[in-house]
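Enquirer: Take a look at final.pdb, PDB, C-alpha atoms and all ligand atoms:
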```pdb
ATOM      1  CA  MET L  45      -8.042 -13.356 -18.195
ATOM      2  CA  ILE L  46      -5.073 -11.047 -18.562
ATOM      3  CA  VAL L  47      -2.288 -12.163 -16.216
ATOM      4  CA  VAL L  48       0.836 -10.073 -15.578
ATOM      5  CA  ILE L  49       3.848 -11.950 -14.128
ATOM      6  CA  THR L  50       7.300 -10.688 -13.176
ATOM      7  CA  GLY L  51      10.341 -12.942 -13.541
ATOM      8  CA  ALA L  52       8.508 -15.175 -16.034
ATOM      9  CA  GLY L  53      11.653 -16.513 -17.715
ATOM     10  CA  ARG L  54      12.444 -19.484 -15.514
ATOM     11  CA  ARG L  55      11.417 -21.848 -12.725
ATOM     12  CA  LEU L  56       8.257 -20.745 -10.819
ATOM     13  CA  GLY L  57       7.605 -17.705 -13.033
ATOM     14  CA  TYR L  58       7.795 -19.895 -16.121
ATOM     15  CA  GLU L  59       5.538 -22.576 -14.584
ATOM     16  CA  LEU L  60       2.931 -19.949 -13.675
ATOM     17  CA  ALA L  61       3.047 -18.374 -17.136
ATOM     18  CA  SER L  62       2.825 -21.801 -18.764
ATOM     19  CA  HIS L  63      -0.136 -22.764 -16.553
ATOM     20  CA  PHE L  64      -2.143 -19.676 -17.519
ATOM     21  CA  LEU L  65      -1.309 -20.003 -21.225
ATOM     22  CA  SER L  66      -2.432 -23.649 -21.173
ATOM     23  CA  ALA L  67      -5.715 -22.523 -19.613
ATOM     24  CA  GLY L  68      -6.268 -20.124 -22.536
ATOM     25  CA  HIS L  69      -5.433 -16.876 -20.749
ATOM     26  CA  THR L  70      -3.310 -13.962 -21.972
ATOM     27  CA  VAL L  71       0.078 -13.799 -20.260
ATOM     28  CA  VAL L  72       2.051 -10.572 -20.123
ATOM     29  CA  GLY L  73       5.387 -10.752 -18.397
ATOM     30  CA  CYS L  74       8.910  -9.561 -17.920
ATOM     31  CA  TYR L  75      12.155 -11.482 -17.709
ATOM     32  CA  ARG L  76      15.845 -10.576 -17.464
ATOM     33  CA  THR L  77      17.901 -13.479 -18.814
ATOM     34  CA  HIS L  78      16.799 -14.908 -22.148
ATOM     35  CA  TYR L  79      16.380 -18.644 -21.396
ATOM     36  CA  THR L  80      14.817 -21.102 -23.871
ATOM     37  CA  GLU L  81      11.696 -20.928 -21.680
ATOM     38  CA  VAL L  82      11.197 -17.349 -22.937
ATOM     39  CA  ASP L  83      11.052 -18.618 -26.553
ATOM     40  CA  ASP L  84       8.658 -21.368 -25.511
ATOM     41  CA  LEU L  85       6.273 -18.901 -23.819
ATOM     42  CA  ARG L  86       6.476 -16.484 -26.759
ATOM     43  CA  GLN L  87       5.666 -19.242 -29.244
ATOM     44  CA  ARG L  88       2.603 -20.009 -27.152
ATOM     45  CA  GLY L  89       1.477 -16.363 -27.328
ATOM     46  CA  ALA L  90       2.939 -14.689 -24.242
ATOM     47  CA  ASP L  91       3.729 -10.980 -24.473
ATOM     48  CA  LEU L  92       7.169 -10.856 -22.831
ATOM     49  CA  THR L  93       9.558  -7.942 -22.424
ATOM     50  CA  GLN L  94      13.151  -7.976 -21.214
ATOM     51  CA  VAL L  95      13.316  -5.634 -18.219
ATOM     52  CA  GLU L  96      16.076  -5.089 -15.654
ATOM     53  CA  LEU L  97      14.036  -4.553 -12.495
ATOM     54  CA  THR L  98      16.669  -2.431 -10.760
ATOM     55  CA  ASP L  99      16.186   0.095 -13.568
ATOM     56  CA  LEU L 100      13.019   1.713 -12.216
ATOM     57  CA  GLU L 101      12.638   3.980 -15.268
ATOM     58  CA  ALA L 102      12.599   0.893 -17.494
ATOM     59  CA  VAL L 103      10.118  -0.813 -15.160
ATOM     60  CA  ASP L 104       7.823   2.207 -15.259
ATOM     61  CA  SER L 105       7.990   2.477 -19.018
ATOM     62  CA  TRP L 106       7.245  -1.278 -19.380
ATOM     63  CA  ILE L 107       4.262  -1.232 -17.001
ATOM     64  CA  GLN L 108       2.791   1.944 -18.493
ATOM     65  CA  GLY L 109       2.942   0.237 -21.889
ATOM     66  CA  VAL L 110       1.245  -2.840 -20.396
ATOM     67  CA  VAL L 111      -1.720  -0.918 -18.950
ATOM     68  CA  THR L 112      -2.117   0.963 -22.229
ATOM     69  CA  ARG L 113      -2.197  -2.295 -24.223
ATOM     70  CA  TYR L 114      -4.250  -4.178 -21.591
ATOM     71  CA  PRO L 115      -6.631  -1.787 -19.777
ATOM     72  CA  HIS L 116      -8.336  -4.756 -18.012
ATOM     73  CA  ILE L 117      -5.949  -6.858 -15.914
ATOM     74  CA  SER L 118      -7.269  -9.793 -13.860
ATOM     75  CA  LEU L 119      -4.141 -10.865 -12.011
ATOM     76  CA  LEU L 120      -0.829  -9.219 -11.142
ATOM     77  CA  LEU L 121       1.670 -11.790  -9.871
ATOM     78  CA  HIS L 122       4.842 -10.552  -8.185
ATOM     79  CA  ASN L 123       7.266 -13.438  -8.568
ATOM     80  CA  ALA L 124      10.684 -11.935  -9.458
ATOM     81  CA  SER L 125      13.233 -12.184  -6.698
ATOM     82  CA  ALA L 126      16.948 -12.113  -5.970
ATOM     83  CA  PHE L 127      18.477 -14.420  -3.336
ATOM     84  CA  ARG L 128      22.048 -14.624  -2.037
ATOM     85  CA  PRO L 129      23.588 -14.957   1.437
ATOM     86  CA  VAL L 130      25.050 -11.839   3.038
ATOM     87  CA  GLY L 131      28.814 -11.661   2.512
ATOM     88  CA  ASP L 132      31.611 -10.334   4.711
ATOM     89  CA  ASP L 133      31.963  -6.809   3.297
ATOM     90  CA  PRO L 134      29.086  -4.643   4.612
ATOM     91  CA  LYS L 135      29.752  -1.884   2.091
ATOM     92  CA  ALA L 136      29.524  -4.294  -0.830
ATOM     93  CA  GLU L 137      26.390  -5.762   0.742
ATOM     94  CA  LEU L 138      24.665  -2.385   0.613
ATOM     95  CA  LYS L 139      24.534  -2.759  -3.163
ATOM     96  CA  ALA L 140      22.840  -6.165  -2.892
ATOM     97  CA  PHE L 141      20.531  -4.797  -0.180
ATOM     98  CA  ALA L 142      19.494  -1.946  -2.501
ATOM     99  CA  GLU L 143      18.841  -4.475  -5.277
ATOM    100  CA  TYR L 144      16.583  -6.566  -2.977
ATOM    101  CA  PHE L 145      14.756  -3.424  -1.874
ATOM    102  CA  GLN L 146      14.130  -2.483  -5.503
ATOM    103  CA  VAL L 147      13.128  -5.939  -6.747
ATOM    104  CA  HIS L 148      11.106  -7.045  -3.698
ATOM    105  CA  MET L 149       9.511  -3.750  -2.659
ATOM    106  CA  GLN L 150       9.856  -0.798  -5.023
ATOM    107  CA  VAL L 151       8.930  -2.727  -8.162
ATOM    108  CA  PRO L 152       5.818  -4.279  -6.539
ATOM    109  CA  PHE L 153       4.854  -0.819  -5.232
ATOM    110  CA  LEU L 154       5.229   0.776  -8.676
ATOM    111  CA  LEU L 155       3.385  -2.042 -10.458
ATOM    112  CA  ASN L 156       0.530  -2.094  -7.940
ATOM    113  CA  GLU L 157       0.064   1.659  -8.232
ATOM    114  CA  ARG L 158       0.248   1.664 -12.041
ATOM    115  CA  CYS L 159      -2.037  -1.378 -12.430
ATOM    116  CA  ALA L 160      -4.708  -0.497  -9.844
ATOM    117  CA  ASP L 161      -7.104   1.089 -12.360
ATOM    118  CA  ALA L 162      -6.674  -1.776 -14.837
ATOM    119  CA  LEU L 163      -7.258  -4.316 -12.026
ATOM    120  CA  ARG L 164     -10.389  -2.432 -10.951
ATOM    121  CA  ALA L 165     -11.584  -2.414 -14.558
ATOM    122  CA  CYS L 166     -11.230  -6.170 -14.904
ATOM    123  CA  PRO L 167     -14.507  -7.856 -15.932
ATOM    124  CA  ASP L 168     -16.691  -8.836 -12.919
ATOM    125  CA  SER L 169     -14.567  -6.588 -10.636
ATOM    126  CA  LYS L 170     -12.373  -9.546  -9.760
ATOM    127  CA  GLY L 171      -8.904  -8.101  -9.930
ATOM    128  CA  ASN L 172      -6.259  -9.918  -7.889
ATOM    129  CA  ILE L 173      -2.739  -9.170  -6.761
ATOM    130  CA  ILE L 174      -0.559 -11.996  -5.453
ATOM    131  CA  HIS L 175       2.824 -11.335  -3.861
ATOM    132  CA  ILE L 176       5.206 -14.274  -3.640
ATOM    133  CA  THR L 177       7.261 -13.852  -0.466
ATOM    134  CA  ASP L 178       8.871 -16.612   1.643
ATOM    135  CA  ILE L 179       8.370 -18.414   4.957
ATOM    136  CA  PHE L 180      11.563 -16.576   5.992
ATOM    137  CA  THR L 181       9.534 -13.350   6.272
ATOM    138  CA  ASP L 182       8.227 -14.509   9.661
ATOM    139  CA  ARG L 183      11.302 -16.452  10.830
ATOM    140  CA  PRO L 184      14.283 -14.824   9.105
ATOM    141  CA  SER L 185      17.415 -16.747   8.232
ATOM    142  CA  PRO L 186      20.447 -14.899   9.657
ATOM    143  CA  ARG L 187      22.543 -15.748   6.554
ATOM    144  CA  PHE L 188      19.943 -14.256   4.208
ATOM    145  CA  ARG L 189      18.935 -11.356   6.480
ATOM    146  CA  THR L 190      18.739  -8.652   3.801
ATOM    147  CA  TYR L 191      16.718 -10.881   1.459
ATOM    148  CA  CYS L 192      14.416 -11.794   4.366
ATOM    149  CA  ALA L 193      13.948  -8.193   5.514
ATOM    150  CA  THR L 194      12.896  -6.972   2.076
ATOM    151  CA  LYS L 195      10.592  -9.957   1.549
ATOM    152  CA  ALA L 196       9.076  -9.201   4.979
ATOM    153  CA  GLY L 197       8.586  -5.617   3.784
ATOM    154  CA  LEU L 198       6.731  -6.967   0.774
ATOM    155  CA  GLY L 199       4.539  -9.085   3.050
ATOM    156  CA  ASN L 200       3.740  -6.026   5.139
ATOM    157  CA  MET L 201       2.972  -3.938   2.053
ATOM    158  CA  SER L 202       0.712  -6.704   0.763
ATOM    159  CA  HIS L 203      -1.498  -6.297   3.835
ATOM    160  CA  ALA L 204      -1.606  -2.526   3.314
ATOM    161  CA  TYR L 205      -2.708  -3.024  -0.308
ATOM    162  CA  ALA L 206      -5.350  -5.558   0.774
ATOM    163  CA  ARG L 207      -6.976  -2.800   2.830
ATOM    164  CA  LEU L 208      -6.304   0.013   0.369
ATOM    165  CA  LEU L 209      -7.655  -1.712  -2.731
ATOM    166  CA  ALA L 210     -10.662  -3.498  -1.182
ATOM    167  CA  PRO L 211     -13.400  -4.218  -2.031
ATOM    168  CA  GLU L 212     -12.686  -4.272  -5.773
ATOM    169  CA  ILE L 213      -9.236  -5.880  -5.736
ATOM    170  CA  ARG L 214      -8.137  -8.793  -3.553
ATOM    171  CA  VAL L 215      -4.504  -8.898  -2.441
ATOM    172  CA  ASN L 216      -2.873 -12.012  -1.000
ATOM    173  CA  THR L 217       0.552 -13.441  -0.283
ATOM    174  CA  ILE L 218       1.998 -16.886  -0.885
ATOM    175  CA  GLN L 219       4.946 -17.816   1.340
ATOM    176  CA  PRO L 220       6.856 -20.663  -0.291
ATOM    177  CA  GLY L 221       9.176 -22.925   1.623
ATOM    178  CA  PRO L 222      11.551 -25.343  -0.113
ATOM    179  CA  LEU L 223      10.163 -25.726  -3.639
ATOM    180  CA  GLU L 224      13.192 -26.521  -5.733
ATOM    181  CA  PHE L 225      16.877 -26.096  -4.913
ATOM    182  CA  LEU L 226      18.926 -23.635  -6.922
ATOM    183  CA  PRO L 227      22.056 -25.077  -8.591
ATOM    184  CA  GLU L 228      24.183 -23.106  -6.104
ATOM    185  CA  HIS L 229      22.697 -24.896  -3.038
ATOM    186  CA  SER L 230      25.409 -27.111  -1.489
ATOM    187  CA  GLU L 231      24.809 -30.760  -0.640
ATOM    188  CA  GLU L 232      25.074 -29.856   3.042
ATOM    189  CA  ALA L 233      22.405 -27.146   2.692
ATOM    190  CA  ARG L 234      20.108 -29.545   0.824
ATOM    191  CA  VAL L 235      20.343 -32.181   3.570
ATOM    192  CA  GLN L 236      19.697 -29.583   6.263
ATOM    193  CA  VAL L 237      16.648 -28.118   4.506
ATOM    194  CA  LEU L 238      15.079 -31.570   4.079
ATOM    195  CA  GLN L 239      15.788 -32.427   7.728
ATOM    196  CA  GLU L 240      13.939 -29.268   8.764
ATOM    197  CA  THR L 241      10.924 -30.024   6.543
ATOM    198  CA  PRO L 242       8.312 -32.329   8.116
ATOM    199  CA  LEU L 243       7.176 -33.648   4.725
ATOM    200  CA  GLN L 244      10.875 -34.462   4.017
ATOM    201  CA  ARG L 245      10.838 -33.434   0.361
ATOM    202  CA  MET L 246      10.928 -30.427  -1.914
ATOM    203  CA  GLY L 247       7.497 -29.363  -3.117
ATOM    204  CA  GLY L 248       8.268 -28.477  -6.720
ATOM    205  CA  PHE L 249       6.444 -25.533  -8.285
ATOM    206  CA  GLY L 250       3.042 -27.255  -8.664
ATOM    207  CA  PRO L 251       1.832 -26.555  -5.106
ATOM    208  CA  VAL L 252       2.333 -22.806  -5.599
ATOM    209  CA  VAL L 253       0.469 -22.912  -8.916
ATOM    210  CA  GLN L 254      -2.364 -24.751  -7.114
ATOM    211  CA  THR L 255      -2.395 -22.082  -4.398
ATOM    212  CA  VAL L 256      -2.644 -19.309  -6.984
ATOM    213  CA  ASP L 257      -5.689 -21.097  -8.456
ATOM    214  CA  TYR L 258      -7.139 -21.495  -4.958
ATOM    215  CA  ILE L 259      -6.773 -17.758  -4.228
ATOM    216  CA  LEU L 260      -8.443 -16.888  -7.529
ATOM    217  CA  ALA L 261     -11.337 -19.267  -6.842
ATOM    218  CA  ASN L 262     -11.952 -18.160  -3.237
ATOM    219  CA  ASP L 263     -13.476 -14.709  -3.478
ATOM    220  CA  TYR L 264     -13.666 -14.173   0.297
ATOM    221  CA  LEU L 265      -9.880 -14.229   0.631
ATOM    222  CA  THR L 266      -7.899 -11.013   0.952
ATOM    223  CA  GLY L 267      -4.962 -10.048   3.156
ATOM    224  CA  ALA L 268      -4.060 -13.722   3.614
ATOM    225  CA  SER L 269      -0.506 -15.087   3.807
ATOM    226  CA  ILE L 270      -0.451 -18.736   2.847
ATOM    227  CA  PRO L 271       2.627 -20.871   3.559
ATOM    228  CA  VAL L 272       3.330 -23.585   0.970
ATOM    229  CA  ASP L 273       6.293 -25.221   2.620
ATOM    230  CA  GLY L 274       5.911 -28.892   3.504
ATOM    231  CA  GLY L 275       5.625 -27.739   7.114
ATOM    232  CA  ARG L 276       9.099 -26.186   7.301
ATOM    233  CA  SER L 277       7.817 -23.012   8.979
ATOM    234  CA  LEU L 278       6.799 -25.155  11.974
TER     235      LEU L 278
HETATM  236  N1  LIG Z 301      12.465 -21.901  -5.121
HETATM  237  C1  LIG Z 301      12.226 -21.959  -3.821
HETATM  238  O1  LIG Z 301      12.468 -22.989  -3.164
HETATM  239  C2  LIG Z 301      11.636 -20.757  -3.115
HETATM  240  C3  LIG Z 301      11.595 -20.737  -1.716
HETATM  241  C4  LIG Z 301      11.055 -19.637  -1.084
HETATM  242  C5  LIG Z 301      10.569 -18.560  -1.820
HETATM  243  N2  LIG Z 301      10.617 -18.609  -3.176
HETATM  244  C6  LIG Z 301      10.089 -17.456  -3.928
HETATM  245  O2  LIG Z 301       9.346 -17.911  -5.039
HETATM  246  C7  LIG Z 301       9.587 -17.053  -6.171
HETATM  247  C8  LIG Z 301      10.136 -17.856  -7.339
HETATM  248  O3  LIG Z 301      11.218 -18.660  -6.918
HETATM  249  P1  LIG Z 301      12.241 -19.233  -7.990
HETATM  250  O4  LIG Z 301      13.062 -20.236  -7.288
HETATM  251  O5  LIG Z 301      11.523 -19.569  -9.250
HETATM  252  O6  LIG Z 301      13.129 -17.904  -8.220
HETATM  253  P2  LIG Z 301      14.364 -17.705  -9.234
HETATM  254  O7  LIG Z 301      14.653 -18.978  -9.946
HETATM  255  O8  LIG Z 301      15.455 -17.084  -8.468
HETATM  256  O9  LIG Z 301      13.741 -16.705 -10.306
HETATM  257  C9  LIG Z 301      13.506 -15.375  -9.989
HETATM  258  C10 LIG Z 301      13.309 -14.612 -11.268
HETATM  259  O10 LIG Z 301      13.413 -13.215 -10.937
HETATM  260  C11 LIG Z 301      14.250 -12.610 -11.914
HETATM  261  N3  LIG Z 301      14.983 -11.454 -11.388
HETATM  262  C12 LIG Z 301      15.734 -11.373 -10.255
HETATM  263  N4  LIG Z 301      16.316 -10.168 -10.167
HETATM  264  C13 LIG Z 301      15.944  -9.478 -11.274
HETATM  265  C14 LIG Z 301      16.244  -8.190 -11.771
HETATM  266  N5  LIG Z 301      17.045  -7.337 -11.114
HETATM  267  N6  LIG Z 301      15.682  -7.810 -12.938
HETATM  268  C15 LIG Z 301      14.878  -8.651 -13.622
HETATM  269  N7  LIG Z 301      14.569  -9.881 -13.216
HETATM  270  C16 LIG Z 301      15.097 -10.293 -12.052
HETATM  271  C17 LIG Z 301      15.258 -13.682 -12.285
HETATM  272  O11 LIG Z 301      15.852 -13.347 -13.526
HETATM  273  P3  LIG Z 301      17.285 -13.985 -13.917
HETATM  274  O12 LIG Z 301      17.004 -15.407 -14.251
HETATM  275  O13 LIG Z 301      17.763 -13.144 -15.026
HETATM  276  O14 LIG Z 301      18.141 -13.865 -12.664
HETATM  277  C18 LIG Z 301      14.375 -14.923 -12.310
HETATM  278  O15 LIG Z 301      13.786 -15.105 -13.559
HETATM  279  C19 LIG Z 301      10.557 -15.967  -5.701
HETATM  280  O16 LIG Z 301       9.826 -14.838  -5.321
HETATM  281  C20 LIG Z 301      11.229 -16.598  -4.495
HETATM  282  O17 LIG Z 301      11.684 -15.655  -3.556
HETATM  283  C21 LIG Z 301      11.144 -19.668  -3.849
END
```
Starting from the coordinates I provided, produce the structure as C-alpha cells.
Expert:
Amino acid sequence: MIVVITGAGRRLGYELASHFLSAGHTVVGCYRTHYTEVDDLRQRGADLTQVELTDLEAVDSWIQGVVTRYPHISLLLHNASAFRPVGDDPKAELKAFAEYFQVHMQVPFLLNERCADALRACPDSKGNIIHITDIFTDRPSPRFRTYCATKAGLGNMSHAYARLLAPEIRVNTIQPGPLEFLPEHSEEARVQVLQETPLQRMGGFGPVVQTVDYILANDYLTGASIPVDGGRSL
C-alpha cells in the first residue's frame, strides 16, 4: 500500500508512519520540524519532505510531485494540526485563525482534490481518506474556539467528500479525545482532563492506529466519525 500522511514528524503522525512501515507499506509524508523521528522514518524507507503547510504553493508542489511519483495511493491520512488557546488580542488571533483554516481545511481540500485520481487508481479500488479531527468538533471548547471551528469544518468537509468520492473512495473521520498531553499542558489542565474522562487515563496513540486499521478493514464504512476518547465526549 502507498500511504500518504501529513505531520509525520512526531507523536501520532510518527506512530502512524512507523506502523505502516513496519507492516511493509510505502509511507510518503510531510513534516515541518526536523525531529530525530524524521531520520528514523527515512532510514526505514519513508519518503518524507519538509513542507510548511501554510505555504499553499509549497503544499501544491509537494502533492503534485507525490501523485506523479505514486500514481496509485491507497490511503491519505490528514493528521497535521495546530493547537493553541485563543489569546486576548483579536487582531493577533486572526493570524492564528488563518493558520488553522489553512492547516485544518485548505490543505486537506487541496490534497483530497489532487489525490482523488490516484486514490481511485489504487489496486482493488480501495482508496481511503481519513481525516483526524477532535471530539471538540461536536462540543467546542470555548478556550480553543478557533481550533475547534476549523476542525469542525474539516469534519463537515469529510462528509461531503464521503458522498462526492463514493463508491470508489471511502472517507472517514477519527475524533480523538485525550491521547497524550503536550508538554505545554499545565498540571491543572491535566487533572481536569482526566476527571472529565470516564476511563480516567490518556489513551496514547495506539487506539487511533487501531482505529485506522479498523476503517481500512471495514469496507462498508464511509462518512463515519469515530470518537476515540476514553468516553470524554460523554
Ligand atoms: N494528542 C491528543 O491528545 C489529541 C487530541 C485530540 C485531537 N488530536 C488530533 O490528532 C492529531 C495528532 O495529534 P498530535 O498530538 O500528534 O499533534 P501534534 O503533536 O501537535 O503534531 C501535529 C503535527 O502537525 C504539524 N504541523 C502543524 N502545523 C503545521 C504547519 N503549519 N506546517 C507543517 N506542519 C505543521 C506539526 O509540525 P511541528 O512539529 O513542526 O509543529 C506536527 O508534526 C491532530 O490532528 C490533533 O488535532 C490529538
Enquirer: With only C-alpha atoms as the basis for distance, which of L:Pro271, L:Gly199, L:Gly53, L:Gly109 is at the shortest distance from L:Gln94?
Expert: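 Looking only at the distances to L:Gln94, the closest residue turns out to be L:Gly53.
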Enquirer: One number please: atom CA of L:Val151 to atom CA of L:Asp257, in Å, one decimal.
Expert: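 Interatomic distance here is 23.5 Å.
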Enquirer: Restricting the calculation to only C-alpha atoms, which member of L:Cys192, L:Ala268, L:Leu85, L:Ala162 is positioned closest to L:Arg207?
Expert: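 Among the listed residues, L:Ala268 lies closest to L:Arg207.
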Enquirer: Considering all atoms listed in the file, state which residue in the set L:Phe249, L:Trp106, L:Phe145, L:Tyr114 is at the smallest distance from L:Val71.
Expert: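 When distances to L:Val71 are compared using all atoms listed in the file, the smallest one comes from L:Tyr114.
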Enquirer: Using only C-alpha atoms and all ligand atoms, which residues of the polymer chains come no farther than 9 Å from ligand LIG 301 (chain Z)? I'd like the answer as a PyMOL selection string.
Expert: chain L and resi 50-59+74-79+94-99+122-127+143-144+146-148+175-180+191+195+218-226+246-249+252+272-273
Enquirer: Compare L:Val235, L:Val103, L:Ala136, L:Ala196 by their minimum atom-to-atom distance to L:Leu155, counting only C-alpha atoms, and give me the closest one.
Expert: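 Ranking L:Val235, L:Val103, L:Ala136, L:Ala196 by distance to L:Leu155, first place goes to L:Val103.
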Enquirer: Kindly indicate which residue among L:Asn200, L:Gln236, L:Thr70, L:Ser185 lies nearest to L:Arg86, using all atoms listed in the file for the distances.
Expert: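 Result for the nearest residue to L:Arg86: L:Thr70.
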Enquirer: Would you translate the PyMOL selection byres (((chain L and resi 161) around 10) and not hetatm) into the concrete set of residues it matches in this file, as a short mmCIF file (atom, residue, chain, number, x, y, z; two decimals) with C-alpha atoms, keeping the file's coordinate frame?
Expert:
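And here's expr-v7.cif as it stands now:
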```cif
data_model
loop_
_atom_site.label_atom_id
_atom_site.label_comp_id
_atom_site.auth_asym_id
_atom_site.auth_seq_id
_atom_site.Cartn_x
_atom_site.Cartn_y
_atom_site.Cartn_z
CA VAL L 111 -1.72 -0.92 -18.95
CA PRO L 115 -6.63 -1.79 -19.78
CA HIS L 116 -8.34 -4.76 -18.01
CA ILE L 117 -5.95 -6.86 -15.91
CA ASN L 156 0.53 -2.09 -7.94
CA GLU L 157 0.06 1.66 -8.23
CA ARG L 158 0.25 1.66 -12.04
CA CYS L 159 -2.04 -1.38 -12.43
CA ALA L 160 -4.71 -0.50 -9.84
CA ALA L 162 -6.67 -1.78 -14.84
CA LEU L 163 -7.26 -4.32 -12.03
CA ARG L 164 -10.39 -2.43 -10.95
CA ALA L 165 -11.58 -2.41 -14.56
CA CYS L 166 -11.23 -6.17 -14.90
CA GLY L 171 -8.90 -8.10 -9.93
CA ILE L 213 -9.24 -5.88 -5.74
#
```
Enquirer: Quick one: distance from atom CA of L:Ala206 to atom CA of L:Gly267 in Å, one decimal?
Expert: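 Atom CA of L:Gly267 lies at a distance of 5.1 Å from atom CA of L:Ala206.
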Enquirer: N, CA and C atoms for stretch 126-146 of chain L, written as a compact mmCIF listing (two decimals), in the coordinates of the input, could you do that?
Expert:
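New file selection-v7.txt:
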```txt
# COMPACT_ATOMS: atom_id res chain seq x y z
N ALA L 126 15.51 -11.84 -5.98
CA ALA L 126 16.95 -12.11 -5.97
C ALA L 126 17.29 -12.69 -4.60
N PHE L 127 18.26 -13.62 -4.56
CA PHE L 127 18.48 -14.42 -3.34
C PHE L 127 19.94 -14.83 -3.23
N ARG L 128 20.65 -14.22 -2.30
CA ARG L 128 22.05 -14.62 -2.04
C ARG L 128 22.32 -14.42 -0.55
N PRO L 129 23.25 -15.21 0.03
CA PRO L 129 23.59 -14.96 1.44
C PRO L 129 24.36 -13.65 1.58
N VAL L 130 24.31 -13.07 2.77
CA VAL L 130 25.05 -11.84 3.04
C VAL L 130 26.54 -12.18 3.16
N GLY L 131 27.37 -11.42 2.47
CA GLY L 131 28.81 -11.66 2.51
C GLY L 131 29.49 -10.89 3.63
N ASP L 132 30.83 -10.89 3.60
CA ASP L 132 31.61 -10.33 4.71
C ASP L 132 31.81 -8.82 4.65
N ASP L 133 31.66 -8.23 3.45
CA ASP L 133 31.96 -6.81 3.30
C ASP L 133 30.65 -6.00 3.34
N PRO L 134 30.38 -5.33 4.47
CA PRO L 134 29.09 -4.64 4.61
C PRO L 134 28.85 -3.60 3.54
N LYS L 135 29.95 -2.93 3.10
CA LYS L 135 29.75 -1.88 2.09
C LYS L 135 29.30 -2.50 0.77
N ALA L 136 29.93 -3.61 0.41
CA ALA L 136 29.52 -4.29 -0.83
C ALA L 136 28.10 -4.81 -0.69
N GLU L 137 27.74 -5.22 0.53
CA GLU L 137 26.39 -5.76 0.74
C GLU L 137 25.30 -4.71 0.59
N LEU L 138 25.68 -3.44 0.77
CA LEU L 138 24.66 -2.38 0.61
C LEU L 138 24.11 -2.38 -0.81
N LYS L 139 24.98 -2.73 -1.76
CA LYS L 139 24.53 -2.76 -3.16
C LYS L 139 23.49 -3.87 -3.35
N ALA L 140 23.80 -5.05 -2.79
CA ALA L 140 22.84 -6.16 -2.89
C ALA L 140 21.54 -5.83 -2.15
N PHE L 141 21.70 -5.18 -0.99
CA PHE L 141 20.53 -4.80 -0.18
C PHE L 141 19.63 -3.85 -0.99
N ALA L 142 20.26 -2.89 -1.68
CA ALA L 142 19.49 -1.95 -2.50
C ALA L 142 18.77 -2.70 -3.63
N GLU L 143 19.46 -3.68 -4.20
CA GLU L 143 18.84 -4.47 -5.28
C GLU L 143 17.61 -5.22 -4.74
N TYR L 144 17.73 -5.84 -3.55
CA TYR L 144 16.58 -6.57 -2.98
C TYR L 144 15.43 -5.60 -2.69
N PHE L 145 15.79 -4.42 -2.18
CA PHE L 145 14.76 -3.42 -1.87
C PHE L 145 14.00 -3.03 -3.16
N GLN L 146 14.78 -2.85 -4.24
CA GLN L 146 14.13 -2.48 -5.50
C GLN L 146 13.25 -3.62 -6.03
```
